[in-house]
>>> print(open('final_12.txt').read())   # compact mmCIF, C-alpha atoms and all ligand atoms
# COMPACT_ATOMS: atom_id res chain seq x y z
CA MET J 1 -0.77 -47.61 -37.13
CA THR J 2 -0.48 -45.36 -34.09
CA THR J 3 1.54 -42.17 -34.44
CA TYR J 4 3.30 -40.93 -31.31
CA LEU J 5 4.69 -37.42 -31.06
CA SER J 6 6.19 -35.32 -28.33
CA GLY J 7 8.61 -32.46 -27.85
CA VAL J 8 10.75 -31.14 -25.05
CA GLN J 9 11.98 -27.59 -24.71
CA PRO J 10 15.73 -27.14 -24.88
CA SER J 11 15.61 -24.73 -21.98
CA GLY J 12 18.63 -26.04 -20.09
CA LYS J 13 19.74 -29.21 -18.44
CA GLN J 14 17.09 -31.91 -18.24
CA HIS J 15 15.89 -32.62 -14.73
CA LEU J 16 14.32 -35.58 -12.94
CA GLY J 17 10.83 -34.29 -13.78
CA ASN J 18 11.62 -34.17 -17.49
CA TYR J 19 13.06 -37.67 -17.30
CA PHE J 20 10.34 -39.45 -15.34
CA GLY J 21 7.48 -37.37 -16.72
CA ALA J 22 8.46 -37.30 -20.36
CA ILE J 23 11.77 -38.60 -21.70
CA ARG J 24 11.54 -42.05 -20.14
CA GLN J 25 8.12 -42.62 -21.70
CA HIS J 26 9.36 -41.31 -25.05
CA VAL J 27 12.20 -43.80 -25.07
CA GLU J 28 9.96 -46.68 -23.98
CA LEU J 29 7.23 -45.88 -26.48
CA SER J 30 9.73 -45.56 -29.33
CA LYS J 31 10.43 -49.28 -28.94
CA GLU J 32 6.75 -50.07 -29.51
CA GLU J 33 5.03 -50.67 -32.81
CA GLY J 34 3.99 -47.45 -34.56
CA GLU J 35 5.37 -44.23 -35.94
CA HIS J 36 7.36 -41.98 -33.64
CA PHE J 37 8.27 -38.32 -33.79
CA PHE J 38 10.28 -36.69 -31.01
CA PHE J 39 11.61 -33.18 -31.33
CA ILE J 40 13.59 -30.49 -29.62
CA ALA J 41 11.25 -27.54 -29.28
CA ASP J 42 13.61 -24.66 -30.07
CA TYR J 43 10.89 -22.42 -31.51
CA HIS J 44 9.15 -22.69 -28.16
CA ALA J 45 12.34 -21.86 -26.30
CA LEU J 46 12.39 -18.46 -28.04
CA THR J 47 9.52 -17.33 -25.82
CA THR J 48 12.16 -16.92 -23.11
CA SER J 49 15.64 -17.35 -24.66
CA ARG J 50 17.64 -14.22 -25.57
CA ASP J 51 21.07 -15.69 -26.15
CA ALA J 52 21.77 -17.38 -29.50
CA GLY J 53 24.85 -19.26 -28.35
CA GLU J 54 23.10 -20.54 -25.28
CA LEU J 55 20.08 -21.71 -27.26
CA ARG J 56 22.31 -23.67 -29.67
CA GLU J 57 24.09 -25.17 -26.72
CA HIS J 58 20.78 -26.19 -25.12
CA VAL J 59 19.55 -27.80 -28.34
CA ARG J 60 22.71 -29.87 -28.51
CA GLU J 61 22.38 -30.81 -24.84
CA MET J 62 18.78 -31.89 -25.37
CA LEU J 63 19.66 -34.02 -28.38
CA VAL J 64 22.55 -35.65 -26.58
CA THR J 65 20.35 -36.27 -23.53
CA TYR J 66 17.67 -37.98 -25.62
CA LEU J 67 20.21 -40.16 -27.41
CA ALA J 68 22.18 -40.97 -24.27
CA LEU J 69 19.00 -42.08 -22.52
CA GLY J 70 18.26 -44.55 -25.29
CA LEU J 71 16.23 -42.80 -27.97
CA ASP J 72 17.44 -44.45 -31.18
CA PRO J 73 17.06 -42.52 -34.46
CA GLU J 74 16.39 -45.91 -36.07
CA ASP J 75 13.20 -46.21 -33.99
CA ALA J 76 11.99 -42.62 -34.13
CA VAL J 77 12.24 -39.46 -36.19
CA VAL J 78 14.36 -37.27 -33.94
CA PHE J 79 14.43 -33.66 -35.08
CA ARG J 80 14.76 -30.00 -34.30
CA HIS J 81 11.53 -27.99 -34.24
CA SER J 82 12.84 -25.09 -36.32
CA ASP J 83 13.90 -27.47 -39.10
CA VAL J 84 10.18 -27.76 -39.85
CA PRO J 85 9.02 -24.16 -40.49
CA GLU J 86 5.76 -25.61 -41.84
CA VAL J 87 4.49 -25.62 -38.26
CA CYS J 88 4.60 -21.81 -38.29
CA GLU J 89 2.35 -21.77 -41.36
CA LEU J 90 -0.02 -24.13 -39.63
CA THR J 91 0.05 -21.96 -36.50
CA TRP J 92 -1.47 -19.12 -38.51
CA LEU J 93 -4.23 -21.30 -39.93
CA LEU J 94 -5.11 -22.51 -36.44
CA ALA J 95 -4.84 -19.01 -34.91
CA CYS J 96 -7.54 -17.86 -37.30
CA VAL J 97 -10.06 -20.36 -35.94
CA THR J 98 -9.14 -20.03 -32.25
CA GLY J 99 -10.79 -17.67 -29.80
CA MET J 100 -8.74 -15.51 -27.42
CA GLY J 101 -10.65 -17.00 -24.49
CA LEU J 102 -9.17 -20.45 -25.03
CA LEU J 103 -5.63 -19.11 -24.72
CA GLU J 104 -6.50 -16.90 -21.77
CA ARG J 105 -7.48 -20.02 -19.83
CA ALA J 106 -4.05 -21.70 -20.21
CA HIS J 107 -2.72 -22.60 -16.75
CA SER J 108 0.94 -22.38 -17.68
CA TYR J 109 0.48 -18.88 -19.09
CA LYS J 110 -1.55 -17.73 -16.08
CA ASP J 111 0.98 -19.32 -13.76
CA LYS J 112 3.97 -17.64 -15.41
CA LYS J 113 2.14 -14.30 -15.28
CA ALA J 114 1.32 -14.80 -11.61
CA ARG J 115 5.02 -15.40 -10.95
CA GLY J 116 5.83 -11.99 -12.37
CA ILE J 117 7.17 -13.19 -15.75
CA LYS J 118 6.20 -10.49 -18.26
CA PRO J 119 4.48 -12.41 -21.05
CA ASN J 120 5.29 -11.74 -24.68
CA VAL J 121 2.84 -12.55 -27.46
CA GLY J 122 4.78 -15.72 -28.24
CA LEU J 123 4.24 -17.06 -24.76
CA PHE J 124 0.53 -16.29 -25.01
CA THR J 125 0.09 -17.97 -28.41
CA TYR J 126 2.42 -20.89 -27.64
CA PRO J 127 -0.46 -23.38 -27.28
CA ILE J 128 -1.32 -22.69 -30.94
CA LEU J 129 2.21 -23.53 -32.05
CA MET J 130 2.07 -26.61 -29.86
CA ALA J 131 -1.24 -27.63 -31.48
CA ALA J 132 0.37 -27.15 -34.89
CA ASP J 133 3.27 -29.36 -33.79
CA ILE J 134 0.84 -32.09 -32.87
CA LEU J 135 -1.59 -31.81 -35.77
CA ALA J 136 1.13 -31.49 -38.44
CA TYR J 137 2.07 -35.16 -38.02
CA ASP J 138 -1.44 -36.61 -37.65
CA SER J 139 -0.41 -37.59 -34.12
CA ASP J 140 -2.67 -40.00 -32.26
CA VAL J 141 -0.86 -40.12 -28.93
CA VAL J 142 1.12 -37.33 -27.25
CA PRO J 143 3.12 -38.58 -24.24
CA VAL J 144 3.73 -35.70 -21.82
CA GLY J 145 3.89 -34.83 -18.14
CA LYS J 146 0.71 -33.70 -16.41
CA ASP J 147 1.47 -30.00 -16.83
CA GLN J 148 1.17 -30.31 -20.62
CA VAL J 149 -2.20 -32.07 -20.70
CA GLN J 150 -4.16 -28.84 -20.96
CA HIS J 151 -2.10 -27.87 -24.01
CA VAL J 152 -2.94 -31.18 -25.68
CA GLU J 153 -6.61 -30.56 -24.86
CA MET J 154 -6.30 -27.18 -26.54
CA ALA J 155 -4.88 -28.94 -29.59
CA GLN J 156 -7.99 -31.14 -29.54
CA ASP J 157 -10.13 -28.01 -29.42
CA MET J 158 -8.30 -26.39 -32.32
CA CYS J 159 -8.51 -29.63 -34.29
CA GLY J 160 -12.27 -29.57 -33.67
CA TYR J 161 -12.66 -25.91 -34.72
CA PHE J 162 -10.73 -26.39 -37.95
CA ASN J 163 -12.38 -29.67 -38.88
CA GLY J 164 -15.73 -28.15 -37.97
CA PHE J 165 -15.27 -25.42 -40.57
CA TYR J 166 -13.37 -27.27 -43.26
CA GLY J 167 -14.03 -31.00 -42.97
CA ASP J 168 -11.89 -33.84 -41.69
CA VAL J 169 -8.44 -32.35 -42.12
CA PHE J 170 -6.73 -33.18 -38.81
CA VAL J 171 -6.52 -36.24 -36.60
CA ARG J 172 -7.69 -35.73 -33.00
CA PRO J 173 -4.77 -36.36 -30.61
CA GLU J 174 -4.88 -37.82 -27.10
CA ALA J 175 -2.45 -37.00 -24.28
CA ARG J 176 -0.77 -39.85 -22.44
CA ILE J 177 0.65 -39.24 -18.97
CA PRO J 178 2.58 -41.64 -16.74
CA LYS J 179 0.10 -43.75 -14.77
CA ASP J 180 1.79 -43.09 -11.46
CA GLU J 181 1.02 -39.59 -10.15
CA LEU J 182 4.54 -39.27 -8.73
CA PHE J 183 6.08 -39.66 -12.19
CA ALA J 184 3.47 -37.48 -13.86
CA LYS J 185 4.31 -34.61 -11.50
CA VAL J 186 7.75 -35.00 -9.98
CA PRO J 187 8.24 -32.60 -7.07
CA GLY J 188 11.10 -30.12 -6.95
CA VAL J 189 13.45 -29.62 -4.00
CA ASP J 190 10.93 -27.15 -2.56
CA GLY J 191 7.97 -29.53 -2.89
CA GLU J 192 6.40 -27.60 -5.80
CA LYS J 193 6.38 -29.19 -9.28
CA MET J 194 9.98 -29.56 -10.44
CA SER J 195 10.65 -27.04 -13.19
CA LYS J 196 13.61 -25.27 -14.73
CA SER J 197 11.75 -22.01 -14.48
CA TYR J 198 11.23 -22.41 -10.73
CA GLY J 199 14.91 -23.15 -10.01
CA ASN J 200 13.98 -26.18 -7.90
CA ASP J 201 15.33 -28.85 -10.23
CA VAL J 202 17.96 -31.58 -10.07
CA TRP J 203 19.92 -32.29 -13.27
CA ILE J 204 19.85 -35.98 -14.14
CA PHE J 205 23.54 -36.05 -15.04
CA ALA J 206 24.80 -34.20 -11.96
CA THR J 207 27.44 -35.98 -9.88
CA GLY J 208 29.68 -35.32 -6.87
CA LYS J 209 29.54 -32.01 -5.10
CA PRO J 210 27.02 -30.22 -7.34
CA LEU J 211 24.65 -33.20 -7.00
CA LYS J 212 25.06 -33.29 -3.23
CA LYS J 213 24.38 -29.57 -3.12
CA ALA J 214 21.21 -29.93 -5.20
CA VAL J 215 19.94 -32.83 -3.09
CA ALA J 216 20.78 -31.01 0.15
CA ARG J 217 18.22 -28.36 -0.86
CA ILE J 218 15.34 -30.86 -0.58
CA VAL J 219 13.13 -29.33 2.09
CA THR J 220 12.87 -31.15 5.43
CA ASP J 221 11.96 -30.20 8.98
CA SER J 222 13.93 -30.40 12.22
CA ARG J 223 12.35 -33.57 13.69
CA PRO J 224 14.96 -36.11 14.80
CA PRO J 225 15.29 -39.54 13.08
CA GLU J 226 13.91 -41.35 16.17
CA GLU J 227 10.55 -39.64 15.93
CA PRO J 228 8.05 -41.86 14.05
CA LYS J 229 6.79 -40.13 10.89
CA ASP J 230 4.40 -40.62 8.01
CA PRO J 231 6.70 -41.43 5.06
CA ASP J 232 4.18 -40.02 2.58
CA GLU J 233 4.65 -36.57 4.05
CA LEU J 234 8.42 -36.52 3.64
CA LEU J 235 9.81 -34.94 0.50
CA PRO J 236 13.11 -36.93 0.51
CA MET J 237 11.03 -40.13 0.64
CA GLN J 238 9.12 -39.01 -2.46
CA PHE J 239 12.41 -38.58 -4.26
CA LEU J 240 13.56 -42.03 -3.15
CA ALA J 241 10.29 -43.49 -4.42
CA LEU J 242 11.28 -42.39 -7.93
CA PHE J 243 14.19 -44.81 -7.88
CA LEU J 244 13.85 -47.58 -5.34
CA SER J 245 12.51 -51.07 -5.98
CA ALA J 246 9.19 -51.77 -4.24
CA ASP J 247 10.95 -53.90 -1.61
CA GLU J 248 13.65 -51.44 -0.71
CA LEU J 249 11.14 -48.60 -0.64
CA GLU J 250 8.84 -50.47 1.73
CA ASP J 251 11.79 -51.18 4.01
CA TRP J 252 12.63 -47.46 4.21
CA ARG J 253 8.99 -46.54 4.73
CA GLU J 254 8.59 -49.03 7.55
CA ARG J 255 11.70 -47.78 9.35
CA VAL J 256 10.49 -44.18 9.02
CA ARG J 257 7.04 -45.10 10.37
CA ARG J 258 8.50 -47.05 13.29
CA GLY J 259 11.10 -44.44 14.32
CA GLY J 260 13.34 -45.23 17.30
CA ASP J 261 16.91 -46.44 17.15
CA GLY J 262 18.27 -47.01 13.67
CA ALA J 263 15.48 -45.08 11.94
CA PRO J 264 16.84 -43.21 8.90
CA GLY J 265 17.30 -39.46 9.23
CA TYR J 266 16.91 -36.99 6.39
CA GLY J 267 20.68 -37.06 5.85
CA HIS J 268 20.54 -40.81 5.21
CA MET J 269 17.75 -40.45 2.74
CA LYS J 270 19.60 -37.75 0.85
CA GLN J 271 22.81 -39.75 0.82
CA ARG J 272 20.99 -42.77 -0.66
CA LEU J 273 19.36 -40.50 -3.22
CA VAL J 274 22.73 -39.14 -4.35
CA GLU J 275 23.98 -42.72 -4.83
CA LEU J 276 20.90 -43.68 -6.78
CA ILE J 277 21.04 -40.69 -9.13
CA GLU J 278 24.75 -41.29 -9.74
CA ASP J 279 24.22 -45.02 -10.41
CA VAL J 280 21.01 -45.00 -12.42
CA PHE J 281 22.28 -42.40 -14.87
CA ALA J 282 25.91 -43.59 -15.01
CA PRO J 283 25.64 -45.46 -18.35
CA ALA J 284 23.79 -42.57 -19.97
CA ARG J 285 26.33 -40.12 -18.56
CA ALA J 286 29.15 -42.03 -20.22
CA ARG J 287 27.23 -42.23 -23.48
CA ARG J 288 26.60 -38.48 -23.30
CA GLU J 289 30.33 -37.80 -23.20
CA GLU J 290 30.90 -39.97 -26.27
CA LEU J 291 28.14 -38.23 -28.18
CA LEU J 292 29.41 -34.77 -27.30
CA ALA J 293 32.76 -35.75 -28.77
CA ASP J 294 31.17 -36.46 -32.18
CA PRO J 295 29.37 -33.29 -33.35
CA GLY J 296 29.38 -34.52 -36.97
CA GLU J 297 27.21 -37.47 -36.03
CA LEU J 298 24.80 -35.19 -34.14
CA GLU J 299 24.43 -33.01 -37.22
CA ARG J 300 23.77 -36.06 -39.39
CA ILE J 301 21.07 -37.27 -37.03
CA LEU J 302 19.36 -33.87 -37.07
CA ALA J 303 19.59 -33.61 -40.86
CA ARG J 304 18.02 -37.02 -41.32
CA GLY J 305 15.26 -36.25 -38.83
CA ALA J 306 14.56 -32.88 -40.44
CA GLU J 307 14.07 -34.41 -43.86
CA ALA J 308 11.60 -37.04 -42.67
CA ALA J 309 9.67 -34.71 -40.37
CA ARG J 310 9.47 -31.93 -42.92
CA ALA J 311 8.08 -34.11 -45.68
CA ARG J 312 5.36 -35.30 -43.36
CA ALA J 313 4.43 -31.84 -42.08
CA ARG J 314 4.40 -30.37 -45.60
CA ALA J 315 1.82 -32.91 -46.72
CA THR J 316 -0.49 -32.08 -43.80
CA VAL J 317 -0.09 -28.33 -44.18
CA ASP J 318 -0.85 -28.56 -47.90
CA ARG J 319 -3.99 -30.49 -47.07
CA ALA J 320 -5.00 -27.74 -44.62
CA TYR J 321 -4.23 -25.00 -47.18
CA ARG J 322 -6.45 -26.66 -49.74
CA ALA J 323 -9.23 -27.22 -47.23
CA CYS J 324 -9.43 -23.57 -46.22
CA GLY J 325 -9.15 -22.13 -49.72
CA LEU J 326 -5.53 -21.01 -49.89
CA ARG J 327 -4.87 -23.24 -52.89
P1 LIG V 401 10.11 -27.25 -17.30
O1 LIG V 401 8.84 -27.09 -16.53
O2 LIG V 401 11.23 -27.60 -16.44
O3 LIG V 401 10.40 -26.05 -18.19
P2 LIG V 401 9.32 -28.47 -19.76
O4 LIG V 401 8.11 -27.59 -19.79
O5 LIG V 401 10.41 -28.24 -20.73
O6 LIG V 401 9.90 -28.47 -18.27
O7 LIG V 401 8.82 -29.98 -19.85
C1 LIG V 401 9.34 -30.98 -20.70
C2 LIG V 401 8.54 -32.24 -20.48
O8 LIG V 401 8.78 -32.71 -19.17
C3 LIG V 401 7.01 -32.08 -20.60
O9 LIG V 401 6.44 -33.23 -21.18
C4 LIG V 401 6.58 -31.93 -19.18
O10 LIG V 401 5.26 -32.38 -18.99
C5 LIG V 401 7.56 -32.83 -18.46
N1 LIG V 401 7.78 -32.34 -17.11
C6 LIG V 401 8.32 -31.16 -16.76
N2 LIG V 401 8.37 -31.03 -15.43
C7 LIG V 401 7.85 -32.18 -14.92
C8 LIG V 401 7.63 -32.67 -13.61
N3 LIG V 401 7.98 -31.98 -12.54
N4 LIG V 401 7.07 -33.89 -13.48
C9 LIG V 401 6.72 -34.63 -14.55
N5 LIG V 401 6.90 -34.22 -15.81
C10 LIG V 401 7.46 -33.01 -16.01
N1 LIG V 402 5.33 -27.42 -24.55
C1 LIG V 402 6.09 -28.61 -24.32
C2 LIG V 402 6.92 -28.42 -23.06
O1 LIG V 402 7.09 -27.35 -22.57
C3 LIG V 402 7.00 -28.94 -25.45
C4 LIG V 402 6.23 -29.15 -26.70
C5 LIG V 402 6.17 -28.31 -27.75
C6 LIG V 402 5.42 -30.27 -27.00
N2 LIG V 402 5.36 -28.82 -28.71
C7 LIG V 402 4.89 -30.03 -28.28
C8 LIG V 402 5.08 -31.43 -26.32
C9 LIG V 402 4.01 -30.92 -28.88
C10 LIG V 402 4.21 -32.32 -26.92
C11 LIG V 402 3.68 -32.07 -28.21
O2 LIG V 402 7.42 -29.38 -22.58
>>> encode(input="final_12.txt", output="structure tokens")
Amino acid sequence: MTTYLSGVQPSGKQHLGNYFGAIRQHVELSKEEGEHFFFIADYHALTTSRDAGELREHVREMLVTYLALGLDPEDAVVFRHSDVPEVCELTWLLACVTGMGLLERAHSYKDKKARGIKPNVGLFTYPILMAADILAYDSDVVPVGKDQVQHVEMAQDMCGYFNGFYGDVFVRPEARIPKDELFAKVPGVDGEKMSKSYGNDVWIFATGKPLKKAVARIVTDSRPPEEPKDPDELLPMQFLALFLSADELEDWRERVRRGGDGAPGYGHMKQRLVELIEDVFAPARARREELLADPGELERILARGAEAARARARATVDRAYRACGLR
């Protein structure tokens, strides 16, 4: 039986990149045969969070987002990272077989440093915690966006180091990214990868004025609608491609290529995008409101998930303890 596992950081409101790159696949995969673990990575969020109330709020938002978008606790173990402290024990065991060089090569760490974010030790060692998250559940497949692939490869490396010293303790995981490059790396309103930390994101549940404002920030140039253009070069067209059916997309592309009278301008594209975001997420938005009104049910879901996840992680960590001589 295949075991699927993934986590998402509760670092704020979930954006289009999180949805198309990660959450949508998590929900789809959870309907497939196999074992499924999906968690809210609050330990990871501590690398940047400094406000307890805000972190709790973000965890709740993440849970509600997952559930509203169709993740069913009957299909998957849905849990909160910090409800399974066993992963911290496993982090230490893995840290002791991992060279500094491996962590120094992490793109996301180097990238954050280059952007002037002062790294703490937690941010530096985060790939070890992430490896522990993955290995603790004997995960076979880890569905993530492209930016997380290197972290999954590091988990493979750490799995190899530990097994190399102590025998076959851990299962080697594989990353799975969306096949379509656009979904694997959704652009932000500035054309860079969409990310909460870059402030270029669009919240999936935004509506009305705030949504229009977010979409208006999508970078364009000053060429008039009549001028024929290559649709692949236009950022608003990339956003539309996330949502439109193949037929409607081709129609837009053709009109952009042709130019002339009646060709769509950037304003048109953005207007259509606002409609699409509002429509596509409308059912989930309504469901989100219902869920927020029932905190007791949210707590019950987390408690149930914690129990199942913890039992599983404990068994793996005990196996690792025995293998390396701690028992
Ligand atoms: P952020 O970069 O906004 O902090 P996270 O690191 O919390 O996002 O990512 C959560 C999940 O969403 C991960 O699986 C990640 O690969 C995916 N993801 C994040 N941004 C994008 C994006 N722009 N395109 C595709 N997937 C993304
Ligand atoms: N690092 C991931 C992110 O930023 C979240 C995460 C933590 C994760 N542990 C994981 C993803 C284990 C997959 C598997 O999105």
>>> axis_aligned_box(input="final_12.txt", around="region 222-240 of chain J", padding_each_side="8 Å", output="lines of an AutoDock Vina configuration file")
center_x = 9.7
center_y = -36.2
center_z = 6.0
size_x = 27.1
size_y = 27.6
size_z = 36.4
>>> closest_atom_pairs(input="final_12.txt", of="chain J", to="ligand LIG 401 (chain V)", cutoff="8 Å", atoms="all atoms listed in the file", output="CSV")
residue,atom,partner,partner_atom,distance
J:Ser6,CA,V:LIG401,O9,7.5
J:Gly7,CA,V:LIG401,O9,7.1
J:Val8,CA,V:LIG401,C1,4.6
J:Gln9,CA,V:LIG401,O5,4.3
J:Pro10,CA,V:LIG401,O5,6.8
J:Ser11,CA,V:LIG401,O5,6.4
J:Gln14,CA,V:LIG401,O2,7.5
J:His15,CA,V:LIG401,O2,7.1
J:Leu16,CA,V:LIG401,N3,7.3
J:Gly17,CA,V:LIG401,C8,3.6
J:Asn18,CA,V:LIG401,O8,3.6
J:Tyr19,CA,V:LIG401,O8,6.8
J:Phe20,CA,V:LIG401,C9,6.1
J:Gly21,CA,V:LIG401,N5,3.3
J:Ala22,CA,V:LIG401,O9,4.6
J:Ile23,CA,V:LIG401,O8,7.1
J:Pro143,CA,V:LIG401,O9,7.0
J:Val144,CA,V:LIG401,O9,3.7
J:Gly145,CA,V:LIG401,O10,2.9
J:Lys146,CA,V:LIG401,O10,5.4
J:Asp147,CA,V:LIG401,O10,5.0
J:Gln148,CA,V:LIG401,O10,4.9
J:Val149,CA,V:LIG401,O10,7.7
J:Leu182,CA,V:LIG401,N4,7.6
J:Phe183,CA,V:LIG401,C9,5.6
J:Ala184,CA,V:LIG401,C9,4.4
J:Lys185,CA,V:LIG401,N4,3.5
J:Val186,CA,V:LIG401,N4,3.7
J:Pro187,CA,V:LIG401,N3,5.5
J:Gly188,CA,V:LIG401,N3,6.7
J:Lys193,CA,V:LIG401,N3,4.6
J:Met194,CA,V:LIG401,N3,3.8
J:Ser195,CA,V:LIG401,O2,3.3
J:Lys196,CA,V:LIG401,O2,3.7
J:Ser197,CA,V:LIG401,O3,5.6
J:Tyr198,CA,V:LIG401,O2,7.7
J:Asp201,CA,V:LIG401,O2,7.5
>>> closest_residue(input="final_12.txt", among="J:Ala41, J:Asp111, J:Val97, J:Asp140", to="Gly164 (chain J)", atoms="only C-alpha atoms")
J:Val97
>>> atom_distance(input="final_12.txt", atom1="CA of Leu129 (chain J)", atom2="CA of Asp318 (chain J)")
16.9 Å
>>> closest_residue(input="final_12.txt", among="J:Leu123, J:Ile204, J:Met237, J:Ala263", to="Ser108 (chain J)", atoms="all atoms listed in the file")
J:Leu123
>>> closest_residue(input="final_12.txt", among="J:Lys110, J:His151, J:Lys31, J:Lys229", to="ligand LIG 402 (chain V)", atoms="all atoms listed in the file")
J:His151
>>> closest_residue(input="final_12.txt", among="J:Pro283, J:Lys13, J:Glu35, J:Met269", to="Glu74 (chain J)", atoms="all atoms listed in the file")
J:Glu35
>>> residues_around(input="final_12.txt", residues="region 166-169 of chain J", least_positions_apart="5", cutoff="9 Å", atoms="all atoms listed in the file", output="PyMOL selection string")
chain J and resi 159+161+316+319-320+323-324
>>> atom_distance(input="final_12.txt", atom1="CA of Thr207 (chain J)", atom2="CA of Asp279 (chain J)")
9.6 Å
>>> atom_distance(input="final_12.txt", atom1="CA of Ser49 (chain J)", atom2="CA of Lys213 (chain J)")
26.3 Å
>>> residues_around(input="final_12.txt", residues="region 280-282 of chain J", least_positions_apart="4", cutoff="10 Å", atoms="only C-alpha atoms", output="MDAnalysis selection string")
chainID J and resid 68:69 204:207 243 275:276 286:288
>>> closest_residue(input="final_12.txt", among="J:Arg50, J:Leu211, J:Phe39, J:Arg272", to="Leu63 (chain J)", atoms="only C-alpha atoms")
J:Phe39
>>> closest_residue(input="final_12.txt", among="J:Met130, J:Pro73, J:Glu89, J:Asp83", to="ligand LIG 402 (chain V)", atoms="all atoms listed in the file")
J:Met130
>>> residues_near_point(input="final_12.txt", point="(26.0, -31.2, -34.8)", cutoff="12 Å", atoms="only C-alpha atoms", output="list of chain:residue names")
J:Arg56, J:Glu57, J:Val59, J:Arg60, J:Glu61, J:Met62, J:Leu63, J:Val64, J:Phe79, J:Arg80, J:Leu291, J:Leu292, J:Ala293, J:Asp294, J:Pro295, J:Gly296, J:Glu297, J:Leu298, J:Glu299, J:Arg300, J:Ile301, J:Leu302, J:Ala303, J:Arg304
>>> write_last_selection(input="final_12.txt", atoms="C-alpha atoms", output="short mmCIF file (atom, residue, chain, number, x, y, z; two decimals), keeping the file's coordinate frame")
data_model
loop_
_atom_site.label_atom_id
_atom_site.label_comp_id
_atom_site.auth_asym_id
_atom_site.auth_seq_id
_atom_site.Cartn_x
_atom_site.Cartn_y
_atom_site.Cartn_z
CA ARG J 56 22.31 -23.67 -29.67
CA GLU J 57 24.09 -25.17 -26.72
CA VAL J 59 19.55 -27.80 -28.34
CA ARG J 60 22.71 -29.87 -28.51
CA GLU J 61 22.38 -30.81 -24.84
CA MET J 62 18.78 -31.89 -25.37
CA LEU J 63 19.66 -34.02 -28.38
CA VAL J 64 22.55 -35.65 -26.58
CA PHE J 79 14.43 -33.66 -35.08
CA ARG J 80 14.76 -30.00 -34.30
CA LEU J 291 28.14 -38.23 -28.18
CA LEU J 292 29.41 -34.77 -27.30
CA ALA J 293 32.76 -35.75 -28.77
CA ASP J 294 31.17 -36.46 -32.18
CA PRO J 295 29.37 -33.29 -33.35
CA GLY J 296 29.38 -34.52 -36.97
CA GLU J 297 27.21 -37.47 -36.03
CA LEU J 298 24.80 -35.19 -34.14
CA GLU J 299 24.43 -33.01 -37.22
CA ARG J 300 23.77 -36.06 -39.39
CA ILE J 301 21.07 -37.27 -37.03
CA LEU J 302 19.36 -33.87 -37.07
CA ALA J 303 19.59 -33.61 -40.86
CA ARG J 304 18.02 -37.02 -41.32
#
>>> residues_around(input="final_12.txt", residues="Tyr43 (chain J)", least_positions_apart="4", cutoff="8 Å", atoms="all atoms listed in the file", output="compact mmCIF listing (two decimals) with C-alpha atoms, keeping the file's coordinate frame")
# COMPACT_ATOMS: atom_id res chain seq x y z
CA THR J 47 9.52 -17.33 -25.82
CA HIS J 81 11.53 -27.99 -34.24
CA SER J 82 12.84 -25.09 -36.32
>>> build_atoms(input="final_12.txt", residues="region 168-179 of chain J", atoms="N, CA and C atoms", output="PDB file, in the coordinates of the input")
ATOM      1  N   ASP J 168     -12.827 -33.013 -42.459  1.00  0.00           N
ATOM      2  CA  ASP J 168     -11.890 -33.840 -41.690  1.00  0.00           C
ATOM      3  C   ASP J 168     -10.450 -33.666 -42.135  1.00  0.00           C
ATOM      4  N   VAL J 169      -9.817 -32.617 -41.679  1.00  0.00           N
ATOM      5  CA  VAL J 169      -8.440 -32.350 -42.120  1.00  0.00           C
ATOM      6  C   VAL J 169      -7.434 -32.949 -41.130  1.00  0.00           C
ATOM      7  N   PHE J 170      -7.705 -32.769 -39.825  1.00  0.00           N
ATOM      8  CA  PHE J 170      -6.730 -33.180 -38.810  1.00  0.00           C
ATOM      9  C   PHE J 170      -7.217 -34.375 -37.999  1.00  0.00           C
ATOM     10  N   VAL J 171      -6.239 -35.104 -37.484  1.00  0.00           N
ATOM     11  CA  VAL J 171      -6.520 -36.240 -36.600  1.00  0.00           C
ATOM     12  C   VAL J 171      -6.583 -35.726 -35.157  1.00  0.00           C
ATOM     13  N   ARG J 172      -7.557 -36.185 -34.395  1.00  0.00           N
ATOM     14  CA  ARG J 172      -7.690 -35.730 -33.000  1.00  0.00           C
ATOM     15  C   ARG J 172      -6.684 -36.474 -32.110  1.00  0.00           C
ATOM     16  N   PRO J 173      -5.801 -35.716 -31.442  1.00  0.00           N
ATOM     17  CA  PRO J 173      -4.770 -36.360 -30.610  1.00  0.00           C
ATOM     18  C   PRO J 173      -5.251 -36.629 -29.185  1.00  0.00           C
ATOM     19  N   GLU J 174      -4.607 -37.564 -28.521  1.00  0.00           N
ATOM     20  CA  GLU J 174      -4.880 -37.820 -27.100  1.00  0.00           C
ATOM     21  C   GLU J 174      -3.570 -37.678 -26.323  1.00  0.00           C
ATOM     22  N   ALA J 175      -3.648 -37.085 -25.129  1.00  0.00           N
ATOM     23  CA  ALA J 175      -2.450 -37.000 -24.280  1.00  0.00           C
ATOM     24  C   ALA J 175      -2.260 -38.336 -23.570  1.00  0.00           C
ATOM     25  N   ARG J 176      -1.021 -38.691 -23.295  1.00  0.00           N
ATOM     26  CA  ARG J 176      -0.770 -39.850 -22.440  1.00  0.00           C
ATOM     27  C   ARG J 176       0.181 -39.438 -21.333  1.00  0.00           C
ATOM     28  N   ILE J 177      -0.251 -39.597 -20.075  1.00  0.00           N
ATOM     29  CA  ILE J 177       0.650 -39.240 -18.970  1.00  0.00           C
ATOM     30  C   ILE J 177       1.047 -40.494 -18.209  1.00  0.00           C
ATOM     31  N   PRO J 178       2.184 -40.462 -17.509  1.00  0.00           N
ATOM     32  CA  PRO J 178       2.580 -41.640 -16.740  1.00  0.00           C
ATOM     33  C   PRO J 178       1.462 -42.000 -15.760  1.00  0.00           C
ATOM     34  N   LYS J 179       1.227 -43.302 -15.605  1.00  0.00           N
ATOM     35  CA  LYS J 179       0.100 -43.750 -14.770  1.00  0.00           C
ATOM     36  C   LYS J 179       0.279 -43.314 -13.323  1.00  0.00           C
TER      37      LYS J 179
END
